[in-house]
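Raw contents of input_21.csv, CSV, N, CA and C atoms:
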```csv
chain,number,residue,atom,x,y,z
A,95,MET,N,-6.1,79.7,-29.7
A,95,MET,CA,-6.0,78.5,-30.5
A,95,MET,C,-4.8,77.7,-30.2
A,96,LEU,N,-3.7,78.3,-29.9
A,96,LEU,CA,-2.5,77.5,-29.7
A,96,LEU,C,-2.6,76.6,-28.5
A,97,ARG,N,-3.4,76.9,-27.6
A,97,ARG,CA,-3.6,76.1,-26.4
A,97,ARG,C,-4.1,74.7,-26.7
A,98,ILE,N,-4.9,74.6,-27.8
A,98,ILE,CA,-5.5,73.3,-28.1
A,98,ILE,C,-4.6,72.4,-28.9
A,99,LEU,N,-3.5,73.0,-29.4
A,99,LEU,CA,-2.6,72.2,-30.3
A,99,LEU,C,-1.6,71.4,-29.4
A,100,PRO,N,-1.7,70.0,-29.6
A,100,PRO,CA,-0.7,69.2,-28.9
A,100,PRO,C,0.7,69.6,-29.3
A,101,GLY,N,1.6,69.7,-28.4
A,101,GLY,CA,3.0,70.0,-28.7
A,101,GLY,C,3.2,71.5,-28.9
A,102,ALA,N,2.2,72.4,-28.7
A,102,ALA,CA,2.5,73.8,-28.7
A,102,ALA,C,3.3,74.2,-27.5
A,103,PRO,N,4.4,75.0,-27.8
A,103,PRO,CA,5.2,75.4,-26.6
A,103,PRO,C,4.5,76.2,-25.6
A,104,ASN,N,4.6,75.9,-24.3
A,104,ASN,CA,3.9,76.7,-23.3
A,104,ASN,C,4.3,78.2,-23.4
A,105,SER,N,5.5,78.4,-23.9
A,105,SER,CA,6.0,79.8,-23.9
A,105,SER,C,5.1,80.7,-24.9
A,106,LEU,N,4.4,80.0,-25.8
A,106,LEU,CA,3.6,80.8,-26.7
A,106,LEU,C,2.1,80.9,-26.2
A,107,THR,N,1.8,80.1,-25.2
A,107,THR,CA,0.4,80.1,-24.8
A,107,THR,C,0.2,80.7,-23.4
A,108,THR,N,1.2,81.0,-22.7
A,108,THR,CA,1.1,81.6,-21.3
A,108,THR,C,1.6,83.0,-21.3
A,109,ARG,N,1.2,83.7,-20.2
A,109,ARG,CA,1.7,85.1,-20.1
A,109,ARG,C,3.2,85.1,-20.1
A,110,PRO,N,3.8,86.1,-20.7
A,110,PRO,CA,3.3,87.3,-21.3
A,110,PRO,C,3.0,87.2,-22.8
A,111,ASN,N,2.9,86.0,-23.3
A,111,ASN,CA,2.6,85.8,-24.7
A,111,ASN,C,1.2,85.4,-25.0
A,112,ALA,N,0.3,85.6,-24.1
A,112,ALA,CA,-1.1,85.2,-24.2
A,112,ALA,C,-1.9,86.1,-25.1
A,113,THR,N,-1.4,87.2,-25.5
A,113,THR,CA,-2.2,88.1,-26.3
A,113,THR,C,-1.7,88.1,-27.7
A,114,PRO,N,-2.5,88.4,-28.7
A,114,PRO,CA,-2.1,88.5,-30.1
A,114,PRO,C,-0.9,89.6,-30.2
A,115,GLU,N,-1.1,90.7,-29.5
A,115,GLU,CA,0.0,91.7,-29.6
A,115,GLU,C,1.3,91.2,-29.2
A,116,ALA,N,1.3,90.4,-28.1
A,116,ALA,CA,2.6,89.9,-27.6
A,116,ALA,C,3.2,88.8,-28.5
A,117,ARG,N,2.3,88.0,-29.1
A,117,ARG,CA,2.7,86.9,-30.0
A,117,ARG,C,3.3,87.4,-31.3
A,118,ILE,N,2.9,88.6,-31.7
A,118,ILE,CA,3.4,89.1,-33.0
A,118,ILE,C,5.0,89.1,-33.0
A,119,LYS,N,5.6,89.2,-31.9
A,119,LYS,CA,7.1,89.1,-31.8
A,119,LYS,C,7.6,87.7,-32.2
A,120,HIS,N,6.7,86.7,-32.0
A,120,HIS,CA,7.1,85.3,-32.2
A,120,HIS,C,6.3,84.7,-33.4
A,121,LEU,N,5.9,85.5,-34.3
A,121,LEU,CA,5.0,85.1,-35.4
A,121,LEU,C,5.5,83.9,-36.2
A,122,ASP,N,6.8,83.9,-36.5
A,122,ASP,CA,7.4,82.8,-37.2
A,122,ASP,C,7.3,81.5,-36.4
A,123,GLU,N,7.5,81.6,-35.1
A,123,GLU,CA,7.4,80.4,-34.3
A,123,GLU,C,5.9,79.9,-34.2
A,124,VAL,N,5.0,80.9,-34.1
A,124,VAL,CA,3.6,80.5,-34.0
A,124,VAL,C,3.2,79.8,-35.3
A,125,PHE,N,3.5,80.4,-36.4
A,125,PHE,CA,3.2,79.8,-37.7
A,125,PHE,C,3.8,78.4,-37.9
A,126,GLY,N,5.0,78.3,-37.4
A,126,GLY,CA,5.7,77.0,-37.4
A,126,GLY,C,5.0,75.9,-36.6
A,127,VAL,N,4.5,76.3,-35.4
A,127,VAL,CA,3.8,75.3,-34.6
A,127,VAL,C,2.5,74.9,-35.3
A,128,ILE,N,1.8,75.9,-35.8
A,128,ILE,CA,0.5,75.6,-36.5
A,128,ILE,C,0.8,74.7,-37.8
A,129,GLU,N,1.8,75.1,-38.5
A,129,GLU,CA,2.1,74.3,-39.7
A,129,GLU,C,2.5,72.9,-39.4
A,130,GLN,N,3.3,72.7,-38.4
A,130,GLN,CA,3.7,71.3,-38.0
A,130,GLN,C,2.4,70.5,-37.5
A,131,TRP,N,1.5,71.1,-36.8
A,131,TRP,CA,0.3,70.4,-36.4
A,131,TRP,C,-0.6,70.1,-37.5
A,132,THR,N,-0.8,71.1,-38.4
A,132,THR,CA,-1.8,70.8,-39.5
A,132,THR,C,-1.2,69.8,-40.5
A,133,MET,N,0.1,69.7,-40.6
A,133,MET,CA,0.7,68.7,-41.6
A,133,MET,C,0.4,67.3,-41.1
A,134,ARG,N,0.1,67.1,-39.9
A,134,ARG,CA,-0.2,65.7,-39.4
A,134,ARG,C,-1.7,65.3,-39.4
A,135,HIS,N,-2.5,66.2,-39.9
A,135,HIS,CA,-4.0,65.9,-39.9
A,135,HIS,C,-4.6,66.3,-41.3
A,136,SER,N,-5.7,65.7,-41.6
A,136,SER,CA,-6.4,66.1,-42.8
A,136,SER,C,-7.1,67.4,-42.6
A,137,LYS,N,-7.4,68.1,-43.6
A,137,LYS,CA,-8.1,69.4,-43.5
A,137,LYS,C,-9.4,69.3,-42.7
A,138,HIS,N,-10.1,68.2,-42.8
A,138,HIS,CA,-11.3,68.0,-42.1
A,138,HIS,C,-11.1,67.7,-40.6
A,139,GLU,N,-10.0,67.0,-40.3
A,139,GLU,CA,-9.7,66.8,-38.9
A,139,GLU,C,-9.3,68.1,-38.2
A,140,VAL,N,-8.5,68.9,-38.9
A,140,VAL,CA,-8.2,70.3,-38.4
A,140,VAL,C,-9.4,71.1,-38.2
A,141,MET,N,-10.3,71.1,-39.2
A,141,MET,CA,-11.5,71.9,-39.1
A,141,MET,C,-12.4,71.4,-37.8
A,142,ARG,N,-12.5,70.1,-37.7
A,142,ARG,CA,-13.3,69.6,-36.6
A,142,ARG,C,-12.7,70.0,-35.2
A,143,THR,N,-11.4,69.9,-35.1
A,143,THR,CA,-10.7,70.2,-33.8
A,143,THR,C,-10.9,71.7,-33.5
A,144,LEU,N,-10.7,72.5,-34.5
A,144,LEU,CA,-10.8,74.0,-34.3
A,144,LEU,C,-12.2,74.4,-34.0
A,145,MET,N,-13.2,73.8,-34.7
A,145,MET,CA,-14.6,74.2,-34.5
A,145,MET,C,-15.0,73.8,-33.1
A,146,GLU,N,-14.5,72.6,-32.6
A,146,GLU,CA,-14.8,72.2,-31.2
A,146,GLU,C,-14.3,73.1,-30.2
A,147,ALA,N,-13.2,73.9,-30.5
A,147,ALA,CA,-12.6,74.9,-29.6
A,147,ALA,C,-13.2,76.3,-29.9
A,148,ASP,N,-14.2,76.4,-30.7
A,148,ASP,CA,-14.9,77.6,-31.1
A,148,ASP,C,-13.9,78.6,-31.8
A,149,VAL,N,-13.1,78.0,-32.7
A,149,VAL,CA,-12.2,78.8,-33.5
A,149,VAL,C,-12.8,78.7,-34.9
A,150,PRO,N,-13.3,79.9,-35.4
A,150,PRO,CA,-13.9,79.9,-36.7
A,150,PRO,C,-13.0,79.4,-37.8
A,151,CYS,N,-13.4,78.5,-38.7
A,151,CYS,CA,-12.5,78.0,-39.7
A,151,CYS,C,-13.3,77.3,-40.8
A,152,GLY,N,-12.6,76.9,-41.8
A,152,GLY,CA,-13.2,76.1,-42.9
A,152,GLY,C,-12.1,75.6,-43.7
A,153,PRO,N,-12.3,74.5,-44.4
A,153,PRO,CA,-11.2,73.9,-45.2
A,153,PRO,C,-11.1,74.6,-46.5
A,154,ILE,N,-9.9,74.6,-47.1
A,154,ILE,CA,-9.6,75.1,-48.4
A,154,ILE,C,-9.8,73.9,-49.3
A,155,LEU,N,-10.8,73.9,-50.2
A,155,LEU,CA,-11.1,72.7,-51.0
A,155,LEU,C,-10.4,72.9,-52.4
A,156,SER,N,-9.9,71.8,-52.8
A,156,SER,CA,-9.3,71.7,-54.2
A,156,SER,C,-10.4,71.6,-55.2
A,157,MET,N,-10.1,71.7,-56.4
A,157,MET,CA,-11.1,71.5,-57.5
A,157,MET,C,-11.7,70.1,-57.4
A,158,LYS,N,-10.8,69.1,-57.1
A,158,LYS,CA,-11.2,67.7,-57.0
A,158,LYS,C,-12.2,67.6,-55.8
A,159,ASP,N,-11.9,68.2,-54.7
A,159,ASP,CA,-12.8,68.2,-53.6
A,159,ASP,C,-14.2,68.8,-53.9
A,160,LEU,N,-14.2,69.9,-54.6
A,160,LEU,CA,-15.4,70.5,-55.0
A,160,LEU,C,-16.3,69.7,-56.0
A,161,ILE,N,-15.6,69.2,-57.0
A,161,ILE,CA,-16.3,68.4,-58.0
A,161,ILE,C,-16.9,67.1,-57.4
A,162,GLU,N,-16.2,66.5,-56.4
A,162,GLU,CA,-16.7,65.3,-55.8
A,162,GLU,C,-17.6,65.5,-54.6
A,163,ASP,N,-17.8,66.7,-54.2
A,163,ASP,CA,-18.7,67.0,-53.0
A,163,ASP,C,-20.1,66.6,-53.3
A,164,PRO,N,-20.7,65.6,-52.7
A,164,PRO,CA,-22.1,65.2,-53.0
A,164,PRO,C,-23.1,66.3,-52.7
A,165,ALA,N,-22.9,67.1,-51.7
A,165,ALA,CA,-23.8,68.2,-51.4
A,165,ALA,C,-23.9,69.2,-52.5
A,166,LEU,N,-22.7,69.6,-53.1
A,166,LEU,CA,-22.7,70.5,-54.2
A,166,LEU,C,-23.4,69.9,-55.4
A,167,GLY,N,-23.3,68.7,-55.7
A,167,GLY,CA,-23.9,68.0,-56.8
A,167,GLY,C,-25.4,68.0,-56.6
A,168,ARG,N,-25.9,67.7,-55.3
A,168,ARG,CA,-27.3,67.6,-55.1
A,168,ARG,C,-28.0,69.0,-55.3
A,169,ARG,N,-27.3,70.1,-55.0
A,169,ARG,CA,-27.8,71.4,-55.1
A,169,ARG,C,-27.7,72.0,-56.5
A,170,GLY,N,-27.0,71.3,-57.4
A,170,GLY,CA,-26.8,71.7,-58.8
A,170,GLY,C,-25.7,72.7,-58.9
A,171,ILE,N,-24.9,72.9,-57.9
A,171,ILE,CA,-23.8,73.8,-58.0
A,171,ILE,C,-22.6,73.2,-58.8
A,172,VAL,N,-22.5,71.9,-58.8
A,172,VAL,CA,-21.7,71.1,-59.7
A,172,VAL,C,-22.7,70.3,-60.5
A,173,ALA,N,-22.6,70.4,-61.9
A,173,ALA,CA,-23.6,69.7,-62.7
A,173,ALA,C,-22.9,68.8,-63.7
A,174,ASP,N,-23.6,67.7,-64.1
A,174,ASP,CA,-23.2,66.9,-65.2
A,174,ASP,C,-23.7,67.4,-66.5
A,175,VAL,N,-22.9,67.6,-67.5
A,175,VAL,CA,-23.3,68.1,-68.8
A,175,VAL,C,-22.9,67.2,-69.9
A,176,GLU,N,-23.8,67.1,-70.9
A,176,GLU,CA,-23.4,66.2,-72.1
A,176,GLU,C,-22.9,67.2,-73.1
A,177,HIS,N,-21.8,66.8,-73.7
A,177,HIS,CA,-21.2,67.5,-74.8
A,177,HIS,C,-21.0,66.6,-76.0
A,178,PRO,N,-21.4,67.1,-77.2
A,178,PRO,CA,-21.4,66.2,-78.4
A,178,PRO,C,-20.0,65.6,-78.7
A,179,GLN,N,-18.9,66.2,-78.3
A,179,GLN,CA,-17.6,65.7,-78.6
A,179,GLN,C,-16.9,65.1,-77.4
A,180,ARG,N,-17.1,65.7,-76.2
A,180,ARG,CA,-16.4,65.3,-75.0
A,180,ARG,C,-17.1,64.2,-74.3
A,181,GLY,N,-18.4,64.1,-74.5
A,181,GLY,CA,-19.2,63.2,-73.7
A,181,GLY,C,-19.7,63.9,-72.4
A,182,SER,N,-19.9,63.1,-71.4
A,182,SER,CA,-20.4,63.7,-70.1
A,182,SER,C,-19.2,64.2,-69.3
A,183,PHE,N,-19.4,65.4,-68.7
A,183,PHE,CA,-18.4,65.9,-67.8
A,183,PHE,C,-19.0,66.8,-66.8
A,184,LYS,N,-18.3,67.0,-65.7
A,184,LYS,CA,-18.8,67.8,-64.6
A,184,LYS,C,-18.3,69.3,-64.8
A,185,THR,N,-19.2,70.2,-64.5
A,185,THR,CA,-18.8,71.6,-64.6
A,185,THR,C,-19.5,72.4,-63.5
A,186,VAL,N,-19.1,73.6,-63.4
A,186,VAL,CA,-19.8,74.5,-62.4
A,186,VAL,C,-21.2,74.8,-62.9
A,187,GLY,N,-22.1,74.6,-62.0
A,187,GLY,CA,-23.5,74.9,-62.4
A,187,GLY,C,-23.8,76.4,-61.9
A,188,CYS,N,-25.0,76.6,-61.5
A,188,CYS,CA,-25.3,78.0,-61.0
A,188,CYS,C,-25.1,78.0,-59.5
A,189,PRO,N,-24.3,78.9,-59.0
A,189,PRO,CA,-24.1,78.9,-57.5
A,189,PRO,C,-25.3,79.5,-56.7
A,190,LEU,N,-26.2,80.1,-57.4
A,190,LEU,CA,-27.4,80.6,-56.8
A,190,LEU,C,-28.6,79.7,-57.1
A,191,VAL,N,-29.2,79.1,-56.1
A,191,VAL,CA,-30.3,78.2,-56.3
A,191,VAL,C,-31.6,78.9,-55.8
A,192,LEU,N,-32.4,79.2,-56.8
A,192,LEU,CA,-33.7,79.8,-56.5
A,192,LEU,C,-34.8,78.9,-56.9
A,193,SER,N,-35.7,78.6,-56.0
A,193,SER,CA,-36.8,77.6,-56.2
A,193,SER,C,-37.7,78.0,-57.3
A,194,GLU,N,-37.9,79.3,-57.6
A,194,GLU,CA,-38.8,79.7,-58.6
A,194,GLU,C,-38.1,80.1,-59.9
A,195,SER,N,-36.8,80.0,-60.0
A,195,SER,CA,-36.1,80.3,-61.2
A,195,SER,C,-35.0,79.3,-61.5
A,196,PRO,N,-35.4,78.0,-61.9
A,196,PRO,CA,-34.4,77.0,-62.1
A,196,PRO,C,-33.5,77.4,-63.3
A,197,VAL,N,-32.3,77.0,-63.3
A,197,VAL,CA,-31.3,77.3,-64.4
A,197,VAL,C,-30.9,76.0,-65.1
A,198,GLU,N,-30.9,76.0,-66.4
A,198,GLU,CA,-30.5,74.8,-67.2
A,198,GLU,C,-29.0,75.0,-67.5
A,199,ILE,N,-28.2,74.1,-67.2
A,199,ILE,CA,-26.8,74.1,-67.4
A,199,ILE,C,-26.5,73.3,-68.7
A,200,THR,N,-26.0,73.9,-69.7
A,200,THR,CA,-25.7,73.2,-71.0
A,200,THR,C,-24.2,73.4,-71.3
A,201,SER,N,-23.8,72.6,-72.3
A,201,SER,CA,-22.4,72.7,-72.7
A,201,SER,C,-22.2,73.9,-73.6
A,202,SER,N,-21.0,74.3,-73.8
A,202,SER,CA,-20.7,75.4,-74.7
A,202,SER,C,-20.9,75.0,-76.2
A,203,PRO,N,-21.2,75.9,-77.1
A,203,PRO,CA,-21.4,75.5,-78.5
A,203,PRO,C,-20.1,75.0,-79.1
A,204,LEU,N,-20.2,74.2,-80.1
A,204,LEU,CA,-19.1,73.8,-80.9
A,204,LEU,C,-18.5,74.9,-81.7
A,205,LEU,N,-17.3,74.9,-82.1
A,205,LEU,CA,-16.7,75.9,-82.9
A,205,LEU,C,-17.5,76.1,-84.2
A,206,GLY,N,-18.0,77.2,-84.5
A,206,GLY,CA,-18.8,77.5,-85.7
A,206,GLY,C,-20.2,77.0,-85.7
A,207,GLU,N,-20.7,76.5,-84.6
A,207,GLU,CA,-22.0,75.9,-84.5
A,207,GLU,C,-23.1,76.9,-84.8
A,208,HIS,N,-23.0,78.1,-84.4
A,208,HIS,CA,-24.0,79.1,-84.6
A,208,HIS,C,-23.7,80.2,-85.6
A,209,THR,N,-22.5,80.0,-86.3
A,209,THR,CA,-22.1,81.1,-87.2
A,209,THR,C,-23.1,81.4,-88.3
A,210,ALA,N,-23.7,80.4,-88.9
A,210,ALA,CA,-24.7,80.7,-90.0
A,210,ALA,C,-25.8,81.5,-89.5
A,211,SER,N,-26.4,81.2,-88.4
A,211,SER,CA,-27.6,81.9,-87.9
A,211,SER,C,-27.2,83.3,-87.4
A,212,VAL,N,-26.0,83.5,-86.9
A,212,VAL,CA,-25.6,84.8,-86.5
A,212,VAL,C,-25.4,85.7,-87.7
A,213,LEU,N,-24.8,85.1,-88.7
A,213,LEU,CA,-24.6,85.9,-90.0
A,213,LEU,C,-25.9,86.2,-90.6
A,214,ARG,N,-26.9,85.3,-90.6
A,214,ARG,CA,-28.2,85.6,-91.2
A,214,ARG,C,-28.9,86.8,-90.5
A,215,ARG,N,-28.8,86.7,-89.1
A,215,ARG,CA,-29.4,87.8,-88.3
A,215,ARG,C,-28.7,89.1,-88.5
A,216,SER,N,-27.4,89.1,-88.6
A,216,SER,CA,-26.7,90.4,-88.7
A,216,SER,C,-26.9,90.9,-90.2
A,217,ASP,N,-27.0,90.1,-91.2
A,217,ASP,CA,-27.3,90.5,-92.5
A,217,ASP,C,-28.7,91.2,-92.6
A,218,GLY,N,-29.6,90.6,-91.9
A,218,GLY,CA,-31.0,91.2,-91.9
A,218,GLY,C,-31.1,92.5,-91.1
A,219,MET,N,-30.0,92.9,-90.4
A,219,MET,CA,-30.1,94.1,-89.6
A,219,MET,C,-29.6,95.3,-90.4
A,220,ARG,N,-29.1,95.1,-91.6
A,220,ARG,CA,-28.6,96.2,-92.3
A,220,ARG,C,-29.7,96.9,-93.0
```
Starting from the coordinates I provided, produce the structure as structure tokens.
Amino acid sequence: MLRILPGAPNSLTTRPNATPEARIKHLDEVFGVIEQWTMRHSKHEVMRTLMEADVPCGPILSMKDLIEDPALGRRGIVADVEHPQRGSFKTVGCPLVLSESPVEITSSPLLGEHTASVLRRSDGMR
């Protein structure tokens, strides 16, 4: 991977440091080179560059990234929910999407909303 990074010192990418075992002695320098390179690019630019070089990778997404991801919204993994007090908000839907078992995502109950019915049922159980 270091060979594809512009500005990576040749000393880290050529023999005798061409193997992971040899580079372990220079791990701080290796991490420093990677850190300096990634700081100059977006997470998606880094991912594209590494994937083009056949380096398995993926971005670390923030909650903002996840909530705003249109693909997650289309699949229902992020859902819009109506709440009687908060109004409309986004929340985590069901991460498992099964064509024969749709899941309805609803807001949480209000404080005390179901107390009376729970007490009636529990009273009837005695």
Give me the residues within 6.5 Å of stretch 123-140 of chain A as a ChimeraX atom specification, counting only N, CA and C atoms and dropping any in the same chain fewer than 3 places off.
/A:102,120,143-145,153
Quick one: pick out all helix (DSSP H, G or I) residues within stretch 114-207 of chain A from a backbone DSSP run and write them as JSON, numbers by chain.
{"A": [114, 115, 116, 117, 118, 119, 120, 121, 122, 123, 124, 125, 126, 127, 128, 129, 130, 131, 132, 133, 137, 138, 139, 140, 141, 142, 143, 144, 145, 146, 157, 158, 159, 160, 161, 162, 164, 165, 166, 167, 168, 169]}
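Minimum distance to A:Leu204 across A:Gly187, A:Pro178, A:Gly167, A:Pro150 (counting only C-alpha atoms) occurs at A:Pro178.
Of the residues in chain A, those given strand (DSSP E or B) by DSSP on the backbone are A:Val172, A:Ala173, A:Asp174, A:Val175, A:Glu176, A:His177, A:Gly181, A:Ser182, A:Phe183, A:Lys184, A:Thr185, A:Val186.
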For atom CA of A:Leu205 and atom CA of A:Gln179, quote the distance in Å rounded to one decimal.
11.1 Å
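With atom CA of A:Met141 on one side and atom CA of A:Ile118 on the other, the separation reads 23.6 Å.
Distance annotation: of A:Ser216, A:Ser193, A:Ser211, A:Thr185, the residue with the minimal separation from A:Met157 is A:Thr185; atom set is only C-alpha atoms.
Between atom N of A:Pro189 and atom N of A:Glu176 lies a distance of 16.8 Å.
Close to (-11.3, 69.6, -60.2), meaning no more than 12 Å away when counting only C-alpha atoms, sit the residues Leu155, Ser156, Met157, Lys158, Asp159, Leu160, Ile161, Glu162, Asp163, Val172, Phe183, Lys184, Thr185 and Val186 of chain A.
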Those selected residues, please, written with N, CA and C atoms and delivered as a JSON list (two decimals), keeping the file's coordinate frame.
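This is the output file part-v1.json:
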```json
[["chain", "number", "residue", "atom", "x", "y", "z"],
["A", 155, "LEU", "N", -10.80, 73.90, -50.20],
["A", 155, "LEU", "CA", -11.10, 72.70, -51.00],
["A", 155, "LEU", "C", -10.40, 72.90, -52.40],
["A", 156, "SER", "N", -9.90, 71.80, -52.80],
["A", 156, "SER", "CA", -9.30, 71.70, -54.20],
["A", 156, "SER", "C", -10.40, 71.60, -55.20],
["A", 157, "MET", "N", -10.10, 71.70, -56.40],
["A", 157, "MET", "CA", -11.10, 71.50, -57.50],
["A", 157, "MET", "C", -11.70, 70.10, -57.40],
["A", 158, "LYS", "N", -10.80, 69.10, -57.10],
["A", 158, "LYS", "CA", -11.20, 67.70, -57.00],
["A", 158, "LYS", "C", -12.20, 67.60, -55.80],
["A", 159, "ASP", "N", -11.90, 68.20, -54.70],
["A", 159, "ASP", "CA", -12.80, 68.20, -53.60],
["A", 159, "ASP", "C", -14.20, 68.80, -53.90],
["A", 160, "LEU", "N", -14.20, 69.90, -54.60],
["A", 160, "LEU", "CA", -15.40, 70.50, -55.00],
["A", 160, "LEU", "C", -16.30, 69.70, -56.00],
["A", 161, "ILE", "N", -15.60, 69.20, -57.00],
["A", 161, "ILE", "CA", -16.30, 68.40, -58.00],
["A", 161, "ILE", "C", -16.90, 67.10, -57.40],
["A", 162, "GLU", "N", -16.20, 66.50, -56.40],
["A", 162, "GLU", "CA", -16.70, 65.30, -55.80],
["A", 162, "GLU", "C", -17.60, 65.50, -54.60],
["A", 163, "ASP", "N", -17.80, 66.70, -54.20],
["A", 163, "ASP", "CA", -18.70, 67.00, -53.00],
["A", 163, "ASP", "C", -20.10, 66.60, -53.30],
["A", 172, "VAL", "N", -22.50, 71.90, -58.80],
["A", 172, "VAL", "CA", -21.70, 71.10, -59.70],
["A", 172, "VAL", "C", -22.70, 70.30, -60.50],
["A", 183, "PHE", "N", -19.40, 65.40, -68.70],
["A", 183, "PHE", "CA", -18.40, 65.90, -67.80],
["A", 183, "PHE", "C", -19.00, 66.80, -66.80],
["A", 184, "LYS", "N", -18.30, 67.00, -65.70],
["A", 184, "LYS", "CA", -18.80, 67.80, -64.60],
["A", 184, "LYS", "C", -18.30, 69.30, -64.80],
["A", 185, "THR", "N", -19.20, 70.20, -64.50],
["A", 185, "THR", "CA", -18.80, 71.60, -64.60],
["A", 185, "THR", "C", -19.50, 72.40, -63.50],
["A", 186, "VAL", "N", -19.10, 73.60, -63.40],
["A", 186, "VAL", "CA", -19.80, 74.50, -62.40],
["A", 186, "VAL", "C", -21.20, 74.80, -62.90]]
```
Can we get stretch 144-194 of chain A of that structure written down with C-alpha atoms, as a PDB file, in the first residue's frame?
```
ATOM      1  CA  LEU A 144      -6.869   2.252  -2.184  1.00  0.00           C
ATOM      2  CA  MET A 145      -9.546   0.202  -3.947  1.00  0.00           C
ATOM      3  CA  GLU A 146      -7.948   0.990  -7.343  1.00  0.00           C
ATOM      4  CA  ALA A 147      -4.740  -0.494  -5.907  1.00  0.00           C
ATOM      5  CA  ASP A 148      -6.631  -3.604  -4.682  1.00  0.00           C
ATOM      6  CA  VAL A 149      -6.245  -2.607  -1.025  1.00  0.00           C
ATOM      7  CA  PRO A 150      -9.403  -3.694   0.845  1.00  0.00           C
ATOM      8  CA  CYS A 151     -10.870  -0.715   2.659  1.00  0.00           C
ATOM      9  CA  GLY A 152     -13.985   1.223   3.523  1.00  0.00           C
ATOM     10  CA  PRO A 153     -14.751   4.613   5.019  1.00  0.00           C
ATOM     11  CA  ILE A 154     -15.574   5.149   8.663  1.00  0.00           C
ATOM     12  CA  LEU A 155     -18.893   6.968   8.465  1.00  0.00           C
ATOM     13  CA  SER A 156     -20.072   9.474  11.045  1.00  0.00           C
ATOM     14  CA  MET A 157     -23.665   9.494  12.265  1.00  0.00           C
ATOM     15  CA  LYS A 158     -24.253  12.477   9.969  1.00  0.00           C
ATOM     16  CA  ASP A 159     -22.890  10.486   6.998  1.00  0.00           C
ATOM     17  CA  LEU A 160     -25.139   7.537   7.853  1.00  0.00           C
ATOM     18  CA  ILE A 161     -28.295   9.608   8.337  1.00  0.00           C
ATOM     19  CA  GLU A 162     -27.730  11.486   5.065  1.00  0.00           C
ATOM     20  CA  ASP A 163     -26.797   8.414   2.983  1.00  0.00           C
ATOM     21  CA  PRO A 164     -29.526   8.128   0.307  1.00  0.00           C
ATOM     22  CA  ALA A 165     -28.949   4.389  -0.175  1.00  0.00           C
ATOM     23  CA  LEU A 166     -29.614   3.681   3.503  1.00  0.00           C
ATOM     24  CA  GLY A 167     -32.785   5.766   3.322  1.00  0.00           C
ATOM     25  CA  ARG A 168     -34.030   3.928   0.218  1.00  0.00           C
ATOM     26  CA  ARG A 169     -33.521   0.570   1.919  1.00  0.00           C
ATOM     27  CA  GLY A 170     -35.280   1.693   5.112  1.00  0.00           C
ATOM     28  CA  ILE A 171     -32.176   1.278   7.248  1.00  0.00           C
ATOM     29  CA  VAL A 172     -32.582   4.968   8.112  1.00  0.00           C
ATOM     30  CA  ALA A 173     -36.255   5.885   8.482  1.00  0.00           C
ATOM     31  CA  ASP A 174     -38.308   9.030   8.959  1.00  0.00           C
ATOM     32  CA  VAL A 175     -40.586   8.734  11.996  1.00  0.00           C
ATOM     33  CA  GLU A 176     -43.393  10.993  13.204  1.00  0.00           C
ATOM     34  CA  HIS A 177     -43.429  11.733  16.926  1.00  0.00           C
ATOM     35  CA  PRO A 178     -46.330  13.577  18.591  1.00  0.00           C
ATOM     36  CA  GLN A 179     -44.011  15.948  20.462  1.00  0.00           C
ATOM     37  CA  ARG A 180     -40.789  16.043  18.435  1.00  0.00           C
ATOM     38  CA  GLY A 181     -42.331  16.048  14.996  1.00  0.00           C
ATOM     39  CA  SER A 182     -40.578  14.229  12.149  1.00  0.00           C
ATOM     40  CA  PHE A 183     -37.082  12.866  12.769  1.00  0.00           C
ATOM     41  CA  LYS A 184     -34.689  10.305  11.310  1.00  0.00           C
ATOM     42  CA  THR A 185     -33.854   7.163  13.225  1.00  0.00           C
ATOM     43  CA  VAL A 186     -32.327   3.763  12.678  1.00  0.00           C
ATOM     44  CA  GLY A 187     -34.765   1.494  10.917  1.00  0.00           C
ATOM     45  CA  CYS A 188     -34.385  -2.234  10.598  1.00  0.00           C
ATOM     46  CA  PRO A 189     -30.936  -3.234   9.298  1.00  0.00           C
ATOM     47  CA  LEU A 190     -32.352  -6.504   7.956  1.00  0.00           C
ATOM     48  CA  VAL A 191     -34.489  -6.021   4.876  1.00  0.00           C
ATOM     49  CA  LEU A 192     -36.620  -9.066   4.107  1.00  0.00           C
ATOM     50  CA  SER A 193     -39.026  -8.883   1.158  1.00  0.00           C
ATOM     51  CA  GLU A 194     -41.636 -11.120   2.817  1.00  0.00           C
TER      52      GLU A 194
END
```
